[in-house]
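Read the structure below first, then the notes.
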Amino acid sequence: GRGGGGSDTADGLHPYTVMRPSRLLLCLLPVPYARGHETLAYRTLFYDNAVDHTARGGNATFSHRYLLNDDFYGTAPLTPGCPGPIFLYAGNEGPITDFWEGNGFMHYLAQEYGGLLVFPEERYYGASYPTAPPDYTYLRTAQILGDYVALLDDVRRRYAAEPCPAYAFGGSYGGTLAAYLRAAHPEAVQGALASSSELGYYDRDAWADHGVTEYTFADTIGAQYDRSPGCLAALWDATDALEDAADDVVRRTFHYCNVTALRPGRAAAFLYGLEGLPQLNYPYAVGPRPAWPVARVCALLTDASRTLLERAAA
């Protein structure tokens with residue numbers, strides 16, 4: 001196993017964090033700067049990872065899926081012994097393929113700095129199951145981090161990248177995992193970028209210091225819809241219409257298979273979908289999702305030619 005510490009320098013910085021000024025500028029670049037860089041293709045690979053990284057589960061392994069792109073790796077060596085940096089996305093709750101296209105910044109970094117892209121899938125999602133559901137015994141944060149460290153070790157060996165730095169990236173829960181990776185395994189990950197992480201919410205005692213309440217998340221989401229005139233009011237009107245409608249009407253309008261989709265409330269699925277959309281409000285299309293999806297939803301919700309239920313179902 002790995003030791004708890006890295007080879008930190010006397011000033012407290014890991015040697016890999018000392019980079020040329022031009023490389024530090026990438027932290028300050030606005031997103032439009034990356035336009036013109038292509039979305040890279042990926043290869044789907046599998047690694048035999050440990051079911052239990054604490055060794056209590058014996059030597060059992062499972063097939064752990066990850067995505068990889070090495071098109072630009074080695075084009076800008078960091079040192080004579082390091083072909084280039086490794087950029088690792090800390091896969092979060094969903095199939096890892098869902099996160100590839102939305103990570104344009106990482107694609108830009110790989111092309112600009114000759115990096116290796118590695119996207120491991122979170123266990124118990126997609127195609128990566130240590131045990132068959134409903135057995136989620138090993139769905140633990142420490143086990144997830146162990147997966148990523150073990151996979152990273154294997155990738156480093158295969159690409160002769162043992163002396164190369166690795167940087168973890170993530171958004172939302174993936175951002176939390178990226179931060180945890182850096183904190184718990186500094187010997188494996190030399191930096192992390194946690195975007196929209198929930199870490200601050202875990203420290204409830206410090207909420208008041210940062211102006212956070214139990215309504216902050218909902219207020220932030222609501223503010224995104226309120227940017228389009230009449231959208232937030234239409235959203236709540238549609239919610240009321242859903243709650244007042246008969247089960248069968250809602251089922252037929254939304255094409256649900258049965259009324260179990262209406263629990264715990266008739267508007268639950270509708271609100272859940274809208275809640276997550278601002279987190280995916282990219283200025284470019286990703287798969288079937290259009291560019292600026294919040295604005296698109298607002299256009300549908302404020303379309304007076306339809307009933308409120310029809311707008312909600314659109």
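Letters for chains follow the order of the structure tokens (A, B, ...), residue numbers begin at 1 for each chain, and ligand numbers begin at 1 in the order shown.
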
Contact table segment 128-246 of chain A vs segment 254-265 of chain A, cut-off 12 Å, shortest pair per residue, only C-alpha atoms, as a Markdown table:
| residue | atom | partner | partner_atom | distance |
| --- | --- | --- | --- | --- |
| A:Thr239 | CA | A:Gly265 | CA | 10.1 |
| A:Asp240 | CA | A:Gly265 | CA | 11.0 |
| A:Leu242 | CA | A:Gly265 | CA | 8.9 |
| A:Glu243 | CA | A:Gly265 | CA | 7.1 |
| A:Asp244 | CA | A:Gly265 | CA | 10.5 |
| A:Ala245 | CA | A:Leu262 | CA | 11.1 |
| A:Ala246 | CA | A:Val259 | CA | 10.4 |

All heavy atoms of the current selection, written as a PDB file, in the first residue's frame:
ATOM      1  N   THR A 239     -46.004  23.763 -11.092  1.00  0.00           N
ATOM      2  CA  THR A 239     -45.921  22.854  -9.943  1.00  0.00           C
ATOM      3  C   THR A 239     -47.277  22.730  -9.252  1.00  0.00           C
ATOM      4  O   THR A 239     -47.727  21.621  -8.922  1.00  0.00           O
ATOM      5  CB  THR A 239     -44.865  23.365  -8.945  1.00  0.00           C
ATOM      6  OG1 THR A 239     -43.593  23.446  -9.601  1.00  0.00           O
ATOM      7  CG2 THR A 239     -44.756  22.441  -7.745  1.00  0.00           C
ATOM      8  N   ASP A 240     -47.950  23.872  -9.051  1.00  0.00           N
ATOM      9  CA  ASP A 240     -49.276  23.845  -8.423  1.00  0.00           C
ATOM     10  C   ASP A 240     -50.272  23.076  -9.279  1.00  0.00           C
ATOM     11  O   ASP A 240     -51.093  22.304  -8.759  1.00  0.00           O
ATOM     12  CB  ASP A 240     -49.774  25.274  -8.200  1.00  0.00           C
ATOM     13  CG  ASP A 240     -48.976  26.008  -7.123  1.00  0.00           C
ATOM     14  OD1 ASP A 240     -48.322  25.330  -6.303  1.00  0.00           O
ATOM     15  OD2 ASP A 240     -49.003  27.252  -7.121  1.00  0.00           O
ATOM     16  N   LEU A 242     -49.631  20.654 -11.326  1.00  0.00           N
ATOM     17  CA  LEU A 242     -49.322  19.231 -11.207  1.00  0.00           C
ATOM     18  C   LEU A 242     -49.874  18.646  -9.919  1.00  0.00           C
ATOM     19  O   LEU A 242     -50.460  17.561  -9.903  1.00  0.00           O
ATOM     20  CB  LEU A 242     -47.803  19.027 -11.259  1.00  0.00           C
ATOM     21  CG  LEU A 242     -47.157  18.948 -12.636  1.00  0.00           C
ATOM     22  CD1 LEU A 242     -45.651  19.134 -12.526  1.00  0.00           C
ATOM     23  CD2 LEU A 242     -47.482  17.621 -13.285  1.00  0.00           C
ATOM     24  N   GLU A 243     -49.698  19.351  -8.830  1.00  0.00           N
ATOM     25  CA  GLU A 243     -50.158  18.849  -7.538  1.00  0.00           C
ATOM     26  C   GLU A 243     -51.685  18.777  -7.478  1.00  0.00           C
ATOM     27  O   GLU A 243     -52.252  17.922  -6.788  1.00  0.00           O
ATOM     28  CB  GLU A 243     -49.627  19.728  -6.403  1.00  0.00           C
ATOM     29  CG  GLU A 243     -48.117  19.698  -6.242  1.00  0.00           C
ATOM     30  CD  GLU A 243     -47.587  18.340  -5.779  1.00  0.00           C
ATOM     31  OE1 GLU A 243     -48.391  17.442  -5.479  1.00  0.00           O
ATOM     32  OE2 GLU A 243     -46.354  18.178  -5.736  1.00  0.00           O
ATOM     33  N   ASP A 244     -52.364  19.666  -8.217  1.00  0.00           N
ATOM     34  CA  ASP A 244     -53.826  19.695  -8.187  1.00  0.00           C
ATOM     35  C   ASP A 244     -54.467  18.726  -9.174  1.00  0.00           C
ATOM     36  O   ASP A 244     -55.654  18.411  -9.047  1.00  0.00           O
ATOM     37  CB  ASP A 244     -54.324  21.114  -8.496  1.00  0.00           C
ATOM     38  CG  ASP A 244     -53.968  22.105  -7.391  1.00  0.00           C
ATOM     39  OD1 ASP A 244     -53.705  21.655  -6.252  1.00  0.00           O
ATOM     40  OD2 ASP A 244     -53.926  23.321  -7.682  1.00  0.00           O
ATOM     41  N   ALA A 245     -53.687  18.260 -10.156  1.00  0.00           N
ATOM     42  CA  ALA A 245     -54.245  17.402 -11.199  1.00  0.00           C
ATOM     43  C   ALA A 245     -54.448  15.975 -10.690  1.00  0.00           C
ATOM     44  O   ALA A 245     -53.789  15.531  -9.736  1.00  0.00           O
ATOM     45  CB  ALA A 245     -53.330  17.388 -12.417  1.00  0.00           C
ATOM     46  N   ALA A 246     -55.363  15.261 -11.332  1.00  0.00           N
ATOM     47  CA  ALA A 246     -55.595  13.859 -10.990  1.00  0.00           C
ATOM     48  C   ALA A 246     -54.406  13.010 -11.425  1.00  0.00           C
ATOM     49  O   ALA A 246     -53.712  13.337 -12.400  1.00  0.00           O
ATOM     50  CB  ALA A 246     -56.868  13.359 -11.667  1.00  0.00           C
TER      51      ALA A 246
END

Closest contacts (segment 120-188 of chain A/segment 61-83 of chain A, max 8 Å, only C-alpha atoms) as a tab-separated table:
residue	atom	partner	partner_atom	distance
A:Pro120	CA	A:Tyr66	CA	4.2
A:Glu121	CA	A:Tyr66	CA	5.6
A:Arg123	CA	A:His64	CA	7.5
A:Ala127	CA	A:Arg65	CA	6.3
A:Ser128	CA	A:His64	CA	5.0
A:Tyr129	CA	A:Phe62	CA	6.8
A:Pro130	CA	A:Phe62	CA	5.1
A:Ala160	CA	A:Cys82	CA	7.8
A:Ala161	CA	A:Cys82	CA	5.9
A:Glu162	CA	A:Cys82	CA	7.8
A:Pro163	CA	A:Cys82	CA	5.9
A:Cys164	CA	A:Cys82	CA	5.2

Per-residue nearest contacts segment 83-126 of chain A to segment 169-173 of chain A, cut-off 9 Å, using only C-alpha atoms, as JSON lines:
{"residue": "A:Phe87", "atom": "CA", "partner": "A:Phe169", "partner_atom": "CA", "distance": 7.3}
{"residue": "A:Leu88", "atom": "CA", "partner": "A:Phe169", "partner_atom": "CA", "distance": 6.1}
{"residue": "A:Tyr89", "atom": "CA", "partner": "A:Phe169", "partner_atom": "CA", "distance": 4.8}
{"residue": "A:Ala90", "atom": "CA", "partner": "A:Gly170", "partner_atom": "CA", "distance": 5.4}
{"residue": "A:Gly91", "atom": "CA", "partner": "A:Gly170", "partner_atom": "CA", "distance": 7.3}
{"residue": "A:Asn92", "atom": "CA", "partner": "A:Tyr173", "partner_atom": "CA", "distance": 6.1}
{"residue": "A:Glu93", "atom": "CA", "partner": "A:Tyr173", "partner_atom": "CA", "distance": 7.6}
{"residue": "A:Met106", "atom": "CA", "partner": "A:Phe169", "partner_atom": "CA", "distance": 8.2}

Selected residues, N, CA, C and O atoms, written as a PDB file, in the first residue's frame, please.
ATOM      1  N   PHE A  87      -4.443  14.153 -16.369  1.00  0.00           N
ATOM      2  CA  PHE A  87      -5.645  14.850 -15.928  1.00  0.00           C
ATOM      3  C   PHE A  87      -6.735  13.807 -15.691  1.00  0.00           C
ATOM      4  O   PHE A  87      -7.201  13.163 -16.633  1.00  0.00           O
ATOM      5  N   LEU A  88      -7.119  13.657 -14.430  1.00  0.00           N
ATOM      6  CA  LEU A  88      -8.075  12.615 -14.036  1.00  0.00           C
ATOM      7  C   LEU A  88      -9.391  13.237 -13.600  1.00  0.00           C
ATOM      8  O   LEU A  88      -9.405  14.126 -12.739  1.00  0.00           O
ATOM      9  N   TYR A  89     -10.483  12.800 -14.211  1.00  0.00           N
ATOM     10  CA  TYR A  89     -11.806  13.234 -13.764  1.00  0.00           C
ATOM     11  C   TYR A  89     -12.299  12.259 -12.707  1.00  0.00           C
ATOM     12  O   TYR A  89     -12.361  11.049 -12.951  1.00  0.00           O
ATOM     13  N   ALA A  90     -12.674  12.777 -11.550  1.00  0.00           N
ATOM     14  CA  ALA A  90     -13.176  11.938 -10.460  1.00  0.00           C
ATOM     15  C   ALA A  90     -14.644  11.618 -10.734  1.00  0.00           C
ATOM     16  O   ALA A  90     -15.529  12.398 -10.389  1.00  0.00           O
ATOM     17  N   GLY A  91     -14.869  10.478 -11.373  1.00  0.00           N
ATOM     18  CA  GLY A  91     -16.217  10.102 -11.766  1.00  0.00           C
ATOM     19  C   GLY A  91     -17.187  10.118 -10.602  1.00  0.00           C
ATOM     20  O   GLY A  91     -16.867   9.655  -9.512  1.00  0.00           O
ATOM     21  N   ASN A  92     -18.386  10.649 -10.835  1.00  0.00           N
ATOM     22  CA  ASN A  92     -19.388  10.724  -9.787  1.00  0.00           C
ATOM     23  C   ASN A  92     -20.632   9.932 -10.171  1.00  0.00           C
ATOM     24  O   ASN A  92     -20.547   9.022 -11.000  1.00  0.00           O
ATOM     25  N   GLU A  93     -21.761  10.257  -9.582  1.00  0.00           N
ATOM     26  CA  GLU A  93     -22.924   9.390  -9.626  1.00  0.00           C
ATOM     27  C   GLU A  93     -23.585   9.332 -11.003  1.00  0.00           C
ATOM     28  O   GLU A  93     -24.499  10.090 -11.316  1.00  0.00           O
ATOM     29  N   MET A 106     -11.081  20.170 -19.622  1.00  0.00           N
ATOM     30  CA  MET A 106     -10.059  19.131 -19.521  1.00  0.00           C
ATOM     31  C   MET A 106      -9.539  18.744 -20.900  1.00  0.00           C
ATOM     32  O   MET A 106      -8.338  18.472 -21.065  1.00  0.00           O
TER      33      MET A 106
END

> What is the distance between atom CA of Leu40 of chain A and atom CA of Pro290 of chain A, in Å to one decimal?
Replying inline: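 Interatomic distance here is 19.3 Å.
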
>> Can you pull out the residues contacting Leu145 of chain A? Cut-off 9 Å, using only C-alpha atoms, and skip same-chain residues under 2 positions away; I want them as a list of chain:residue names.
In response: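 With the cut-off at 9 Å, the set is A:Ala90, A:Arg140, A:Thr141, A:Ala142, A:Gln143, A:Asp147, A:Tyr148, A:Val149, A:Ala150, A:Leu177, A:Ala178, A:Tyr180, A:Leu181, A:Ala184, A:His185.
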
Writing out the chosen residues with all heavy atoms as a compact mmCIF listing (two decimals), in the first residue's frame:
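The file below, result27.txt, is the result:
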# COMPACT_ATOMS: atom_id res chain seq x y z
N ALA A 90 -12.67 12.78 -11.55
CA ALA A 90 -13.18 11.94 -10.46
C ALA A 90 -14.64 11.62 -10.73
O ALA A 90 -15.53 12.40 -10.39
CB ALA A 90 -13.01 12.64 -9.12
N ARG A 140 -18.64 2.96 -0.62
CA ARG A 140 -18.11 3.85 0.40
C ARG A 140 -17.13 4.81 -0.25
O ARG A 140 -16.42 4.45 -1.19
CB ARG A 140 -17.39 3.06 1.50
CG ARG A 140 -18.28 2.08 2.27
CD ARG A 140 -19.26 2.80 3.18
NE ARG A 140 -20.05 1.88 3.98
CZ ARG A 140 -21.21 1.35 3.60
NH1 ARG A 140 -21.70 1.65 2.40
NH2 ARG A 140 -21.88 0.53 4.39
N THR A 141 -17.08 6.04 0.28
CA THR A 141 -16.18 7.04 -0.30
C THR A 141 -14.74 6.57 -0.33
O THR A 141 -14.03 6.74 -1.32
CB THR A 141 -16.30 8.37 0.47
OG1 THR A 141 -17.64 8.84 0.41
CG2 THR A 141 -15.37 9.42 -0.12
N ALA A 142 -14.27 5.95 0.76
CA ALA A 142 -12.89 5.48 0.81
C ALA A 142 -12.62 4.42 -0.26
O ALA A 142 -11.52 4.37 -0.83
CB ALA A 142 -12.58 4.91 2.20
N GLN A 143 -13.61 3.58 -0.53
CA GLN A 143 -13.44 2.56 -1.57
C GLN A 143 -13.38 3.20 -2.96
O GLN A 143 -12.60 2.78 -3.82
CB GLN A 143 -14.60 1.55 -1.51
CG GLN A 143 -14.72 0.80 -0.19
CD GLN A 143 -13.67 -0.30 -0.04
OE1 GLN A 143 -12.78 -0.46 -0.88
NE2 GLN A 143 -13.77 -1.07 1.03
N ASP A 147 -10.30 3.01 -5.61
CA ASP A 147 -10.40 2.63 -7.02
C ASP A 147 -9.56 3.56 -7.89
O ASP A 147 -8.80 3.11 -8.77
CB ASP A 147 -11.85 2.71 -7.50
CG ASP A 147 -12.73 1.60 -6.96
OD1 ASP A 147 -12.20 0.58 -6.49
OD2 ASP A 147 -13.96 1.77 -7.01
N TYR A 148 -9.71 4.86 -7.65
CA TYR A 148 -9.04 5.83 -8.52
C TYR A 148 -7.52 5.82 -8.32
O TYR A 148 -6.76 5.97 -9.29
CB TYR A 148 -9.61 7.23 -8.25
CG TYR A 148 -11.09 7.35 -8.55
CD1 TYR A 148 -11.83 8.44 -8.13
CD2 TYR A 148 -11.76 6.34 -9.25
CE1 TYR A 148 -13.19 8.55 -8.40
CE2 TYR A 148 -13.12 6.43 -9.53
CZ TYR A 148 -13.82 7.53 -9.10
OH TYR A 148 -15.17 7.62 -9.37
N VAL A 149 -7.09 5.63 -7.09
CA VAL A 149 -5.64 5.57 -6.83
C VAL A 149 -5.04 4.32 -7.47
O VAL A 149 -3.97 4.38 -8.09
CB VAL A 149 -5.38 5.61 -5.31
CG1 VAL A 149 -3.91 5.31 -5.02
CG2 VAL A 149 -5.76 6.96 -4.74
N ALA A 150 -5.70 3.18 -7.32
CA ALA A 150 -5.18 1.94 -7.90
C ALA A 150 -5.13 2.02 -9.42
O ALA A 150 -4.15 1.61 -10.06
CB ALA A 150 -6.04 0.75 -7.45
N LEU A 177 -15.11 14.54 -4.51
CA LEU A 177 -14.21 13.40 -4.63
C LEU A 177 -12.81 13.85 -5.05
O LEU A 177 -11.80 13.32 -4.56
CB LEU A 177 -14.76 12.40 -5.64
CG LEU A 177 -16.02 11.63 -5.22
CD1 LEU A 177 -16.51 10.77 -6.38
CD2 LEU A 177 -15.74 10.76 -4.00
N ALA A 178 -12.74 14.83 -5.95
CA ALA A 178 -11.43 15.33 -6.38
C ALA A 178 -10.68 15.95 -5.20
O ALA A 178 -9.47 15.71 -5.02
CB ALA A 178 -11.61 16.36 -7.50
N TYR A 180 -11.17 15.28 -2.01
CA TYR A 180 -10.82 14.19 -1.10
C TYR A 180 -9.58 13.43 -1.61
O TYR A 180 -8.74 13.00 -0.81
CB TYR A 180 -11.98 13.23 -0.96
CG TYR A 180 -13.09 13.67 -0.03
CD1 TYR A 180 -14.32 13.03 -0.04
CD2 TYR A 180 -12.90 14.72 0.86
CE1 TYR A 180 -15.34 13.42 0.82
CE2 TYR A 180 -13.91 15.12 1.72
CZ TYR A 180 -15.13 14.46 1.69
OH TYR A 180 -16.13 14.85 2.54
N LEU A 181 -9.51 13.23 -2.91
CA LEU A 181 -8.35 12.53 -3.48
C LEU A 181 -7.06 13.25 -3.13
O LEU A 181 -6.08 12.63 -2.72
CB LEU A 181 -8.49 12.43 -5.00
CG LEU A 181 -9.08 11.17 -5.59
CD1 LEU A 181 -9.23 11.31 -7.10
CD2 LEU A 181 -8.23 9.95 -5.27
N ALA A 184 -6.59 13.01 0.83
CA ALA A 184 -6.33 11.68 1.40
C ALA A 184 -5.16 10.97 0.74
O ALA A 184 -4.53 10.11 1.35
CB ALA A 184 -7.59 10.81 1.28
N HIS A 185 -4.87 11.32 -0.51
CA HIS A 185 -3.80 10.62 -1.26
C HIS A 185 -2.89 11.63 -1.97
O HIS A 185 -2.78 11.62 -3.19
CB HIS A 185 -4.42 9.66 -2.28
CG HIS A 185 -5.25 8.58 -1.67
ND1 HIS A 185 -4.70 7.44 -1.11
CD2 HIS A 185 -6.60 8.47 -1.51
CE1 HIS A 185 -5.68 6.66 -0.65
NE2 HIS A 185 -6.83 7.26 -0.87

>> Please report the interatomic distance between atom CA of Asp153 of chain A and atom CA of Ala166 of chain A in Å with one decimal.
In response: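 One can read the atom CA of Asp153 of chain A to atom CA of Ala166 of chain A distance as 10.5 Å.
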
> For Ala168 of chain A, which residue among A:Leu152, A:Leu280, A:Val212, A:Leu300 is the nearest when counting only C-alpha atoms?
Replying inline: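 Of all the options, A:Leu152 lies closest to Ala168 of chain A.
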
>> Measuring between only C-alpha atoms, which one of A:Gly222, A:Arg252, A:Ala188, A:Leu309 shows the shortest distance to Leu277 of chain A?
In response: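 Between A:Gly222, A:Arg252, A:Ala188, A:Leu309, the residue approaching Leu277 of chain A most closely is A:Gly222.
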
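The space separating atom CA of Ala194 of chain A from atom CA of Phe119 of chain A comes to 15.1 Å.
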
>> For the structure I just gave you, how does DSSP split segment 116-285 of chain A - specifically, which residues are helix (DSSP H, G or I)? Reply as number ranges by chain.
In response: A: 141-158, 173-184, 199-202, 204-206, 208-210, 216-225, 231-244, 247-254, 259-262, 268-280

Can you list, as a PDB file with C-alpha atoms, in the first residue's frame, all residues belonging to segment 74-312 of chain A that DSSP tags as strand (DSSP E or B)?
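See selection_18.pdb below for the written result:
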ATOM      1  CA  THR A  79      10.891  16.802 -17.767  1.00  0.00           C
ATOM      2  CA  CYS A  82       7.979  12.716 -17.632  1.00  0.00           C
ATOM      3  CA  ILE A  86      -2.213  13.253 -16.157  1.00  0.00           C
ATOM      4  CA  PHE A  87      -5.645  14.850 -15.928  1.00  0.00           C
ATOM      5  CA  LEU A  88      -8.075  12.615 -14.036  1.00  0.00           C
ATOM      6  CA  TYR A  89     -11.806  13.234 -13.764  1.00  0.00           C
ATOM      7  CA  LEU A 116      -3.253  12.168 -20.638  1.00  0.00           C
ATOM      8  CA  LEU A 117      -7.009  12.121 -19.961  1.00  0.00           C
ATOM      9  CA  VAL A 118      -8.304   9.448 -17.576  1.00  0.00           C
ATOM     10  CA  PHE A 119     -11.987   9.243 -16.611  1.00  0.00           C
ATOM     11  CA  PRO A 120     -12.677   6.422 -14.099  1.00  0.00           C
ATOM     12  CA  TYR A 125     -22.698   3.094 -11.698  1.00  0.00           C
ATOM     13  CA  SER A 128     -18.684  -0.902 -12.842  1.00  0.00           C
ATOM     14  CA  ALA A 166      -1.628  13.894 -11.754  1.00  0.00           C
ATOM     15  CA  TYR A 167      -4.372  16.467 -11.271  1.00  0.00           C
ATOM     16  CA  ALA A 168      -7.918  15.541 -10.293  1.00  0.00           C
ATOM     17  CA  PHE A 169     -10.968  17.410 -11.568  1.00  0.00           C
ATOM     18  CA  GLY A 170     -14.604  17.132 -10.648  1.00  0.00           C
ATOM     19  CA  GLY A 171     -17.921  18.926 -10.489  1.00  0.00           C
ATOM     20  CA  GLY A 191      -3.448  18.916  -7.363  1.00  0.00           C
ATOM     21  CA  ALA A 192      -7.225  19.102  -7.554  1.00  0.00           C
ATOM     22  CA  LEU A 193      -9.850  21.428  -8.997  1.00  0.00           C
ATOM     23  CA  ALA A 194     -13.197  21.026  -7.215  1.00  0.00           C
ATOM     24  CA  SER A 195     -15.953  22.860  -9.086  1.00  0.00           C
ATOM     25  CA  VAL A 286     -24.046  18.097 -24.934  1.00  0.00           C
ATOM     26  CA  ARG A 289     -29.265  18.593 -24.325  1.00  0.00           C
TER      27      ARG A 289
END

>> Need the shell around Ala299 of chain A: protein/DNA/RNA residues with any atom at most 9 Å away, counting only C-alpha atoms. Skip same-chain ones fewer than 5 positions apart. Format as an MDAnalysis selection string?
In response: chainID A and resid 228 231 294

>> Nearest residue to Leu151 of chain A out of A:Tyr282, A:Trp292, A:Tyr47, A:Phe270, using only C-alpha atoms?
In response: A:Tyr47

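The closest residue to Arg296 of chain A, picked from A:Gly126, A:Leu274, A:Trp100, A:Ile221 and counting only C-alpha atoms, is A:Leu274.
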